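Notes to accompany the following structure.
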Protein chains: 2
Amino acid sequence: MTSPGHPEETTPASPPVVPPYDVYCEACPTRLVLDRLADKWVVLILGRLALRPMRFNQLRRDIQGVSQKVLSQTLKKLERDGLLHRRAFATVPVTVEYSITPLGETLAARIAEIARWAEQHIEAVMEAQRRYDAAGAR
Amino acid sequence: MTSPGHPEETTPASPPVVPPYDVYCEACPTRLVLDRLADKWVVLILGRLALRPMRFNQLRRDIQGVSQKVLSQTLKKLERDGLLHRRAFATVPVTVEYSITPLGETLAARIAEIARWAEQHIEAVMEAQRRYDAAGAR
DNA sequence: CCGTATCCTGTCAGATACTG
DNA sequence: CAGTATCTGACAGGATACGG
């Protein structure tokens, strides 16, 4: 081939190893979970229920912008995955309480790590965006 | 109703507290990053480039199922965010190499944590799904 | 109060063809 | 090889209304 002789001045002292993860088959476990997290409401709901159990309309009010339909769908998916628990009480107007499961808590903890990363590095990201946009504008 | 005394036979030594994260305004840093991760291709590309630098069509072949257009769009977004680096060599057929940046590596490490969670807990999730589906089918 | 059903709209990914 | 441009269809999700 051409052997362009590219120098490697980048990556000075960054953590050298990022554990490889296998997500390249459509049906592998990792892929399934990542696809679930691709739903932003999932992240919001898990984060909320990680703090305390909540009722349906309470969640709805709390998470601004989610529609009844989507909230319902998402809660059902998460219940199916065993990440949260649904309890219905046969009160006069029916009362439903959603709570996070131990399994869901362990995932929420990982998500919180991502959130922390975001807070720590958002400035670097926005700085990069500014530079990119400035370079593209000329 | 209260104090259900739910047994915790799962999660033997999981961290009891999930740090709250703030993603409930549309424009806050965390939300922006999570929205970016909501793109499944982002996760696949970062995971791939975390292993080694790659060329465009190399990535395309490696990540089965991604279209030229979407790969191009996604790479551009990630470059804009400063998560990966693009180098073009003026060879006869132009050669472009994408590599992960130190910043991108730190994020890829967090993503790998999620992937590891998926591998560890996929059985519990699938078991929960089976139970849910069985209960719903009758 | 807690959802489901229906309609309707915008978004976005795939296919295809073309350029440097 | 490394993209860009355009068209099109599928599908997610909002609004609304209704049922348990």
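If you're wondering about the labels, chains in the structure tokens are A, B, ... by order shown, residues count from 1 in each chain, ligands from 1 in order shown.
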As a CSV table (one decimal) with N, CA and C atoms, in the first residue's frame, please: chain B after a least-squares superposition onto chain A using all C-alpha atoms matched in order.
```csv
chain,number,residue,atom,x,y,z
B,1,MET,N,2.3,9.1,5.0
B,1,MET,CA,0.9,8.8,5.3
B,1,MET,C,0.9,8.1,6.7
B,2,THR,N,1.6,7.0,6.8
B,2,THR,CA,1.6,6.3,8.0
B,2,THR,C,2.4,7.0,9.1
B,3,SER,N,2.3,6.5,10.3
B,3,SER,CA,3.0,7.1,11.4
B,3,SER,C,2.9,8.6,11.5
B,4,PRO,N,1.7,9.1,11.6
B,4,PRO,CA,1.5,10.5,11.7
B,4,PRO,C,2.0,11.1,12.9
B,5,GLY,N,2.4,10.3,13.9
B,5,GLY,CA,2.9,10.8,15.1
B,5,GLY,C,2.0,11.8,15.8
B,6,HIS,N,0.7,11.5,15.9
B,6,HIS,CA,-0.3,12.4,16.5
B,6,HIS,C,0.1,12.6,17.9
B,7,PRO,N,0.1,13.9,18.3
B,7,PRO,CA,0.5,14.2,19.7
B,7,PRO,C,-0.7,13.9,20.6
B,8,GLU,N,-0.4,13.4,21.7
B,8,GLU,CA,-1.5,13.1,22.7
B,8,GLU,C,-1.5,14.0,23.9
B,9,GLU,N,-1.7,15.3,23.6
B,9,GLU,CA,-1.7,16.2,24.7
B,9,GLU,C,-3.0,16.1,25.5
B,10,THR,N,-4.0,15.5,24.8
B,10,THR,CA,-5.3,15.1,25.5
B,10,THR,C,-5.1,13.8,26.2
B,11,THR,N,-6.1,13.4,27.0
B,11,THR,CA,-6.1,12.1,27.6
B,11,THR,C,-4.8,11.7,28.2
B,12,PRO,N,-4.4,12.4,29.3
B,12,PRO,CA,-3.1,12.2,29.8
B,12,PRO,C,-2.8,10.7,30.3
B,13,ALA,N,-3.8,10.1,31.0
B,13,ALA,CA,-3.5,8.8,31.5
B,13,ALA,C,-4.7,7.9,31.2
B,14,SER,N,-5.3,8.0,29.9
B,14,SER,CA,-6.4,7.2,29.6
B,14,SER,C,-6.0,5.8,29.3
B,15,PRO,N,-6.9,4.8,29.6
B,15,PRO,CA,-6.6,3.4,29.3
B,15,PRO,C,-6.4,3.2,27.8
B,16,PRO,N,-5.2,2.7,27.5
B,16,PRO,CA,-4.8,2.6,26.1
B,16,PRO,C,-5.7,1.6,25.3
B,17,VAL,N,-6.2,0.6,25.9
B,17,VAL,CA,-7.0,-0.4,25.2
B,17,VAL,C,-8.5,-0.2,25.5
B,18,VAL,N,-9.3,-0.2,24.4
B,18,VAL,CA,-10.7,-0.3,24.5
B,18,VAL,C,-11.1,-1.7,24.2
B,19,PRO,N,-11.7,-2.4,25.2
B,19,PRO,CA,-12.1,-3.8,25.0
B,19,PRO,C,-13.1,-3.9,23.9
B,20,PRO,N,-12.9,-4.8,22.9
B,20,PRO,CA,-13.8,-4.9,21.8
B,20,PRO,C,-15.1,-5.5,22.3
B,21,TYR,N,-16.2,-4.9,21.8
B,21,TYR,CA,-17.5,-5.5,22.2
B,21,TYR,C,-18.3,-5.9,20.9
B,22,ASP,N,-19.1,-6.9,21.1
B,22,ASP,CA,-19.7,-7.6,20.0
B,22,ASP,C,-21.1,-7.2,19.8
B,23,VAL,N,-21.4,-6.3,18.9
B,23,VAL,CA,-22.8,-5.8,18.7
B,23,VAL,C,-23.2,-5.9,17.3
B,24,TYR,N,-22.6,-6.8,16.5
B,24,TYR,CA,-22.8,-6.8,15.1
B,24,TYR,C,-23.8,-7.8,14.6
B,25,CYS,N,-24.3,-8.6,15.5
B,25,CYS,CA,-25.5,-9.3,15.0
B,25,CYS,C,-26.7,-8.7,15.6
B,26,GLU,N,-27.8,-8.7,14.9
B,26,GLU,CA,-29.0,-8.0,15.3
B,26,GLU,C,-29.6,-8.5,16.6
B,27,ALA,N,-29.4,-9.8,16.9
B,27,ALA,CA,-30.1,-10.4,18.0
B,27,ALA,C,-29.2,-10.7,19.2
B,28,CYS,N,-27.9,-10.2,19.2
B,28,CYS,CA,-27.1,-10.5,20.3
B,28,CYS,C,-27.4,-9.7,21.5
B,29,PRO,N,-27.1,-10.2,22.7
B,29,PRO,CA,-27.5,-9.5,24.0
B,29,PRO,C,-27.1,-8.0,24.0
B,30,THR,N,-25.9,-7.7,23.7
B,30,THR,CA,-25.4,-6.4,23.8
B,30,THR,C,-26.3,-5.4,23.0
B,31,ARG,N,-26.5,-5.9,21.8
B,31,ARG,CA,-27.3,-5.0,20.9
B,31,ARG,C,-28.7,-4.7,21.5
B,32,LEU,N,-29.3,-5.7,22.1
B,32,LEU,CA,-30.6,-5.5,22.7
B,32,LEU,C,-30.6,-4.5,23.7
B,33,VAL,N,-29.6,-4.5,24.6
B,33,VAL,CA,-29.5,-3.6,25.7
B,33,VAL,C,-29.2,-2.2,25.1
B,34,LEU,N,-28.3,-2.1,24.2
B,34,LEU,CA,-28.0,-0.8,23.6
B,34,LEU,C,-29.2,-0.2,22.9
B,35,ASP,N,-29.9,-1.0,22.2
B,35,ASP,CA,-31.1,-0.5,21.6
B,35,ASP,C,-32.1,0.1,22.6
B,36,ARG,N,-32.1,-0.5,23.8
B,36,ARG,CA,-33.0,0.0,24.8
B,36,ARG,C,-32.5,1.3,25.3
B,37,LEU,N,-31.2,1.4,25.5
B,37,LEU,CA,-30.7,2.7,25.9
B,37,LEU,C,-30.8,3.8,24.8
B,38,ALA,N,-31.0,3.4,23.6
B,38,ALA,CA,-31.2,4.3,22.5
B,38,ALA,C,-32.4,5.2,22.8
B,39,ASP,N,-33.3,4.8,23.7
B,39,ASP,CA,-34.4,5.6,24.0
B,39,ASP,C,-34.0,6.6,25.2
B,40,LYS,N,-34.0,7.9,24.8
B,40,LYS,CA,-33.4,8.8,25.8
B,40,LYS,C,-34.3,8.9,27.1
B,41,TRP,N,-35.5,8.6,27.0
B,41,TRP,CA,-36.4,8.6,28.2
B,41,TRP,C,-36.0,7.5,29.2
B,42,VAL,N,-35.5,6.4,28.6
B,42,VAL,CA,-35.0,5.3,29.5
B,42,VAL,C,-34.0,5.9,30.4
B,43,VAL,N,-33.0,6.6,29.9
B,43,VAL,CA,-31.9,7.1,30.7
B,43,VAL,C,-32.4,8.1,31.7
B,44,LEU,N,-33.4,8.9,31.3
B,44,LEU,CA,-33.9,9.9,32.3
B,44,LEU,C,-34.6,9.3,33.4
B,45,ILE,N,-35.5,8.3,33.0
B,45,ILE,CA,-36.3,7.6,34.0
B,45,ILE,C,-35.4,6.8,35.0
B,46,LEU,N,-34.5,6.1,34.5
B,46,LEU,CA,-33.6,5.3,35.4
B,46,LEU,C,-32.8,6.2,36.3
B,47,GLY,N,-32.3,7.3,35.8
B,47,GLY,CA,-31.6,8.2,36.6
B,47,GLY,C,-32.4,8.8,37.7
B,48,ARG,N,-33.7,9.0,37.4
B,48,ARG,CA,-34.6,9.6,38.4
B,48,ARG,C,-35.0,8.6,39.5
B,49,LEU,N,-35.3,7.4,39.0
B,49,LEU,CA,-35.7,6.4,40.0
B,49,LEU,C,-34.6,5.8,40.8
B,50,ALA,N,-33.4,6.0,40.3
B,50,ALA,CA,-32.2,5.6,41.1
B,50,ALA,C,-32.1,6.4,42.3
B,51,LEU,N,-32.6,7.6,42.3
B,51,LEU,CA,-32.6,8.5,43.5
B,51,LEU,C,-33.6,8.1,44.6
B,52,ARG,N,-34.8,7.8,44.1
B,52,ARG,CA,-35.9,7.4,45.0
B,52,ARG,C,-37.1,6.9,44.2
B,53,PRO,N,-37.9,6.1,44.9
B,53,PRO,CA,-39.2,5.7,44.2
B,53,PRO,C,-40.1,6.9,43.9
B,54,MET,N,-40.8,6.8,42.9
B,54,MET,CA,-41.7,7.9,42.5
B,54,MET,C,-43.0,7.4,41.9
B,55,ARG,N,-44.0,8.2,41.9
B,55,ARG,CA,-45.3,7.9,41.4
B,55,ARG,C,-45.3,8.4,39.9
B,56,PHE,N,-46.4,8.0,39.2
B,56,PHE,CA,-46.4,8.3,37.8
B,56,PHE,C,-46.4,9.8,37.4
B,57,ASN,N,-47.3,10.5,38.0
B,57,ASN,CA,-47.4,11.9,37.6
B,57,ASN,C,-46.2,12.7,38.2
B,58,GLN,N,-45.7,12.2,39.3
B,58,GLN,CA,-44.5,12.8,39.8
B,58,GLN,C,-43.3,12.7,38.8
B,59,LEU,N,-43.1,11.5,38.3
B,59,LEU,CA,-42.1,11.3,37.2
B,59,LEU,C,-42.4,12.3,36.0
B,60,ARG,N,-43.7,12.3,35.7
B,60,ARG,CA,-44.1,13.1,34.5
B,60,ARG,C,-43.8,14.6,34.7
B,61,ARG,N,-44.0,15.1,35.9
B,61,ARG,CA,-43.7,16.5,36.1
B,61,ARG,C,-42.2,16.6,36.2
B,62,ASP,N,-41.5,15.7,36.8
B,62,ASP,CA,-40.1,15.8,37.0
B,62,ASP,C,-39.3,15.8,35.7
B,63,ILE,N,-39.7,14.9,34.8
B,63,ILE,CA,-39.0,14.8,33.5
B,63,ILE,C,-39.8,15.6,32.5
B,64,GLN,N,-39.4,16.8,32.4
B,64,GLN,CA,-40.1,17.8,31.5
B,64,GLN,C,-40.0,17.3,30.1
B,65,GLY,N,-41.2,17.4,29.5
B,65,GLY,CA,-41.2,17.1,28.0
B,65,GLY,C,-41.7,15.7,27.6
B,66,VAL,N,-41.9,14.9,28.6
B,66,VAL,CA,-42.3,13.5,28.2
B,66,VAL,C,-43.8,13.5,28.2
B,67,SER,N,-44.4,12.8,27.2
B,67,SER,CA,-45.9,12.7,27.2
B,67,SER,C,-46.3,11.6,28.0
B,68,GLN,N,-47.6,11.6,28.3
B,68,GLN,CA,-48.2,10.5,29.1
B,68,GLN,C,-48.0,9.2,28.4
B,69,LYS,N,-48.3,9.2,27.1
B,69,LYS,CA,-48.2,7.9,26.4
B,69,LYS,C,-46.8,7.3,26.4
B,70,VAL,N,-45.8,8.2,26.1
B,70,VAL,CA,-44.5,7.7,26.0
B,70,VAL,C,-43.9,7.3,27.4
B,71,LEU,N,-44.3,8.1,28.4
B,71,LEU,CA,-43.8,7.7,29.7
B,71,LEU,C,-44.4,6.3,30.1
B,72,SER,N,-45.7,6.1,29.8
B,72,SER,CA,-46.3,4.9,30.1
B,72,SER,C,-45.6,3.7,29.4
B,73,GLN,N,-45.4,3.9,28.1
B,73,GLN,CA,-44.8,2.9,27.3
B,73,GLN,C,-43.4,2.5,27.8
B,74,THR,N,-42.7,3.6,28.1
B,74,THR,CA,-41.3,3.4,28.5
B,74,THR,C,-41.2,2.6,29.9
B,75,LEU,N,-42.1,3.1,30.8
B,75,LEU,CA,-42.1,2.4,32.1
B,75,LEU,C,-42.4,0.9,32.0
B,76,LYS,N,-43.3,0.6,31.0
B,76,LYS,CA,-43.7,-0.7,30.8
B,76,LYS,C,-42.6,-1.6,30.3
B,77,LYS,N,-41.9,-1.0,29.4
B,77,LYS,CA,-40.7,-1.7,28.8
B,77,LYS,C,-39.7,-2.0,29.9
B,78,LEU,N,-39.4,-1.0,30.7
B,78,LEU,CA,-38.4,-1.1,31.8
B,78,LEU,C,-38.8,-2.1,32.8
B,79,GLU,N,-40.1,-2.1,33.1
B,79,GLU,CA,-40.6,-3.1,34.1
B,79,GLU,C,-40.5,-4.5,33.5
B,80,ARG,N,-40.8,-4.6,32.2
B,80,ARG,CA,-40.6,-5.9,31.5
B,80,ARG,C,-39.2,-6.4,31.6
B,81,ASP,N,-38.3,-5.5,31.5
B,81,ASP,CA,-36.9,-5.9,31.5
B,81,ASP,C,-36.4,-6.2,32.9
B,82,GLY,N,-37.2,-5.9,33.9
B,82,GLY,CA,-36.8,-6.2,35.3
B,82,GLY,C,-35.9,-5.1,35.8
B,83,LEU,N,-35.9,-3.9,35.2
B,83,LEU,CA,-35.1,-2.8,35.6
B,83,LEU,C,-35.8,-1.9,36.6
B,84,LEU,N,-37.1,-2.0,36.6
B,84,LEU,CA,-37.8,-1.3,37.7
B,84,LEU,C,-39.0,-2.0,38.1
B,85,HIS,N,-39.6,-1.6,39.2
B,85,HIS,CA,-40.7,-2.4,39.8
B,85,HIS,C,-41.9,-1.5,40.0
B,86,ARG,N,-43.0,-2.0,39.7
B,86,ARG,CA,-44.3,-1.3,39.8
B,86,ARG,C,-45.2,-1.8,40.9
B,87,ARG,N,-45.6,-1.0,41.7
B,87,ARG,CA,-46.5,-1.4,42.8
B,87,ARG,C,-47.8,-0.5,42.8
B,88,ALA,N,-48.9,-1.2,42.7
B,88,ALA,CA,-50.2,-0.5,42.7
B,88,ALA,C,-50.9,-0.7,44.1
B,89,PHE,N,-51.3,0.4,44.7
B,89,PHE,CA,-52.1,0.4,45.9
B,89,PHE,C,-53.5,0.7,45.6
B,90,ALA,N,-54.4,-0.1,46.2
B,90,ALA,CA,-55.8,0.1,45.9
B,90,ALA,C,-56.4,1.2,46.8
B,91,THR,N,-55.8,2.3,46.7
B,91,THR,CA,-56.4,3.5,47.4
B,91,THR,C,-57.5,4.0,46.6
B,92,VAL,N,-58.2,5.0,47.1
B,92,VAL,CA,-59.4,5.5,46.4
B,92,VAL,C,-59.1,6.0,45.0
B,93,PRO,N,-58.2,7.1,44.9
B,93,PRO,CA,-57.7,7.2,43.6
B,93,PRO,C,-56.5,6.3,43.6
B,94,VAL,N,-56.4,5.4,42.6
B,94,VAL,CA,-55.3,4.4,42.6
B,94,VAL,C,-53.9,5.0,42.7
B,95,THR,N,-53.1,4.4,43.5
B,95,THR,CA,-51.7,4.9,43.7
B,95,THR,C,-50.7,3.9,43.1
B,96,VAL,N,-49.8,4.4,42.3
B,96,VAL,CA,-48.8,3.5,41.7
B,96,VAL,C,-47.4,4.1,42.0
B,97,GLU,N,-46.6,3.2,42.5
B,97,GLU,CA,-45.2,3.6,42.8
B,97,GLU,C,-44.2,2.8,42.0
B,98,TYR,N,-43.4,3.6,41.3
B,98,TYR,CA,-42.3,2.9,40.6
B,98,TYR,C,-41.0,3.1,41.3
B,99,SER,N,-40.2,2.0,41.4
B,99,SER,CA,-38.9,2.0,42.0
B,99,SER,C,-37.9,1.2,41.2
B,100,ILE,N,-36.7,1.6,41.3
B,100,ILE,CA,-35.6,0.9,40.6
B,100,ILE,C,-35.3,-0.4,41.3
B,101,THR,N,-35.0,-1.5,40.5
B,101,THR,CA,-34.6,-2.8,41.1
B,101,THR,C,-33.1,-2.8,41.3
B,102,PRO,N,-32.6,-3.7,42.0
B,102,PRO,CA,-31.2,-3.9,42.1
B,102,PRO,C,-30.5,-4.0,40.8
B,103,LEU,N,-31.1,-4.8,39.9
B,103,LEU,CA,-30.6,-4.9,38.5
B,103,LEU,C,-30.5,-3.6,37.8
B,104,GLY,N,-31.6,-2.8,38.0
B,104,GLY,CA,-31.7,-1.5,37.3
B,104,GLY,C,-30.6,-0.6,37.9
B,105,GLU,N,-30.3,-0.7,39.2
B,105,GLU,CA,-29.3,0.1,39.8
B,105,GLU,C,-28.0,-0.1,39.2
B,106,THR,N,-27.7,-1.4,38.9
B,106,THR,CA,-26.3,-1.6,38.4
B,106,THR,C,-26.2,-1.0,37.0
B,107,LEU,N,-27.3,-1.0,36.2
B,107,LEU,CA,-27.2,-0.4,34.9
B,107,LEU,C,-27.1,1.2,35.1
B,108,ALA,N,-27.9,1.7,36.0
B,108,ALA,CA,-27.9,3.1,36.2
B,108,ALA,C,-26.5,3.6,36.6
B,109,ALA,N,-25.8,2.8,37.3
B,109,ALA,CA,-24.4,3.2,37.7
B,109,ALA,C,-23.6,3.3,36.4
B,110,ARG,N,-23.7,2.4,35.4
B,110,ARG,CA,-23.0,2.5,34.2
B,110,ARG,C,-23.4,3.8,33.4
B,111,ILE,N,-24.7,4.0,33.4
B,111,ILE,CA,-25.2,5.2,32.7
B,111,ILE,C,-24.6,6.5,33.3
B,112,ALA,N,-24.5,6.4,34.7
B,112,ALA,CA,-24.0,7.6,35.4
B,112,ALA,C,-22.5,7.8,35.0
B,113,GLU,N,-21.8,6.7,34.6
B,113,GLU,CA,-20.4,6.9,34.1
B,113,GLU,C,-20.4,7.6,32.8
B,114,ILE,N,-21.3,7.3,32.0
B,114,ILE,CA,-21.4,8.0,30.7
B,114,ILE,C,-21.7,9.5,30.9
B,115,ALA,N,-22.6,9.7,31.9
B,115,ALA,CA,-23.0,11.1,32.2
B,115,ALA,C,-21.8,11.9,32.7
B,116,ARG,N,-21.0,11.2,33.5
B,116,ARG,CA,-19.8,11.8,34.1
B,116,ARG,C,-18.8,12.1,32.9
B,117,TRP,N,-18.7,11.2,32.0
B,117,TRP,CA,-17.8,11.4,30.8
B,117,TRP,C,-18.3,12.7,30.1
B,118,ALA,N,-19.6,12.8,30.0
B,118,ALA,CA,-20.2,14.0,29.2
B,118,ALA,C,-19.8,15.3,29.9
B,119,GLU,N,-19.9,15.3,31.2
B,119,GLU,CA,-19.6,16.5,32.0
B,119,GLU,C,-18.1,16.9,31.9
B,120,GLN,N,-17.3,15.8,31.9
B,120,GLN,CA,-15.8,16.1,31.9
B,120,GLN,C,-15.4,16.5,30.5
B,121,HIS,N,-16.0,16.0,29.4
B,121,HIS,CA,-15.5,16.2,28.1
B,121,HIS,C,-16.3,17.1,27.2
B,122,ILE,N,-17.4,17.7,27.8
B,122,ILE,CA,-18.3,18.5,26.9
B,122,ILE,C,-17.5,19.7,26.3
B,123,GLU,N,-16.6,20.2,27.0
B,123,GLU,CA,-15.9,21.4,26.5
B,123,GLU,C,-15.1,21.0,25.3
B,124,ALA,N,-14.4,19.8,25.4
B,124,ALA,CA,-13.6,19.4,24.3
B,124,ALA,C,-14.5,19.1,23.0
B,125,VAL,N,-15.7,18.6,23.3
B,125,VAL,CA,-16.6,18.3,22.2
B,125,VAL,C,-17.0,19.6,21.5
B,126,MET,N,-17.4,20.5,22.4
B,126,MET,CA,-17.9,21.8,21.8
B,126,MET,C,-16.8,22.5,21.1
B,127,GLU,N,-15.6,22.4,21.6
B,127,GLU,CA,-14.5,23.1,20.9
B,127,GLU,C,-14.3,22.4,19.5
B,128,ALA,N,-14.4,21.1,19.5
B,128,ALA,CA,-14.2,20.4,18.2
B,128,ALA,C,-15.3,20.8,17.2
B,129,GLN,N,-16.5,21.0,17.8
B,129,GLN,CA,-17.6,21.4,16.9
B,129,GLN,C,-17.4,22.8,16.3
B,130,ARG,N,-16.9,23.7,17.2
B,130,ARG,CA,-16.6,25.0,16.7
B,130,ARG,C,-15.6,25.0,15.6
B,131,ARG,N,-14.5,24.2,15.8
B,131,ARG,CA,-13.5,24.2,14.8
B,131,ARG,C,-14.1,23.6,13.5
B,132,TYR,N,-14.8,22.5,13.6
B,132,TYR,CA,-15.4,21.9,12.4
B,132,TYR,C,-16.3,22.8,11.7
B,133,ASP,N,-17.2,23.5,12.4
B,133,ASP,CA,-18.1,24.5,11.8
B,133,ASP,C,-17.4,25.6,11.1
B,134,ALA,N,-16.3,26.1,11.8
B,134,ALA,CA,-15.6,27.2,11.2
B,134,ALA,C,-14.9,26.8,9.9
B,135,ALA,N,-14.4,25.6,9.9
B,135,ALA,CA,-13.7,25.1,8.7
B,135,ALA,C,-14.7,24.9,7.6
B,136,GLY,N,-15.9,24.5,7.9
B,136,GLY,CA,-16.9,24.2,6.9
B,136,GLY,C,-17.5,25.4,6.3
B,137,ALA,N,-17.5,26.5,7.1
B,137,ALA,CA,-18.2,27.7,6.7
B,137,ALA,C,-17.5,28.5,5.6
B,138,ARG,N,-16.2,28.4,5.6
B,138,ARG,CA,-15.4,29.2,4.6
B,138,ARG,C,-15.3,28.5,3.2
```
Problem set entry | 10 Å contacts from chain C to chain A using only C-alpha atoms (C1' of nucleotides), as a ChimeraX atom specification | /C:1-4
Can you pull out the residues contacting DG9 in chain D? Cut-off 12 Å, using only C-alpha atoms (C1' of nucleotides), and skip same-chain residues under 6 positions away; I want them as a PDB file with C-alpha atoms (C1' of nucleotides), in the first residue's frame.
```pdb
ATOM      1  C1'  DT C  11     -37.642  13.086  11.648  1.00  0.00           C
ATOM      2  C1'  DC C  12     -34.449  10.242  10.022  1.00  0.00           C
ATOM      3  C1'  DA C  13     -32.323   6.216   7.945  1.00  0.00           C
ATOM      4  C1'  DG C  14     -31.750   3.468   3.529  1.00  0.00           C
ATOM      5  C1'  DA C  15     -31.057   3.386  -1.428  1.00  0.00           C
TER       6       DA C  15
END
```
For this session: Give the alpha helix (DSSP H) residues of chain A, as DSSP finds them on the backbone, and put them as JSON, numbers by chain.
Result: {"A": [29, 30, 31, 32, 33, 34, 35, 36, 37, 40, 41, 42, 43, 44, 45, 46, 47, 48, 49, 56, 57, 58, 59, 60, 61, 62, 68, 69, 70, 71, 72, 73, 74, 75, 76, 77, 78, 79, 80, 102, 103, 104, 105, 106, 107, 108, 109, 110, 111, 112, 113, 114, 115, 116, 117, 118, 119, 120, 121, 122, 123, 124, 125, 126, 127, 128, 129, 130, 131, 132, 133, 134, 135, 136, 137]}
Exercise. DSSP says strand (DSSP E) for which residues of chain B? Put them as an NGL selection string?
Worked result: :B and (54-55 or 84-89 or 95-100)
Give me, as a Markdown table, each residue of chain D that comes within 10 Å of chain A, together with its shortest interatomic pair and the distance in Å at one decimal, counting only C-alpha atoms (C1' of nucleotides), with rows ordered by chain and rising residue number.
```
| residue | atom | partner | partner_atom | distance |
| --- | --- | --- | --- | --- |
| D:DA12 | C1' | A:Val70 | CA | 9.5 |
| D:DG13 | C1' | A:Val70 | CA | 7.1 |
| D:DG14 | C1' | A:Ser67 | CA | 7.0 |
| D:DA15 | C1' | A:Ser67 | CA | 9.2 |
| D:DG20 | C1' | A:Val94 | CA | 9.3 |
```
For this session: Give me the residues within 10 Å of DT16 in chain C as a list in words, counting only C-alpha atoms (C1' of nucleotides) and dropping any in the same chain fewer than 2 places off.
Result: DG14 and DC18 of chain C; DT6 and DC7 of chain D
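Rounded to one decimal, C1' of DA5 in chain C and C1' of DC11 in chain D lie 17.4 Å from each other.
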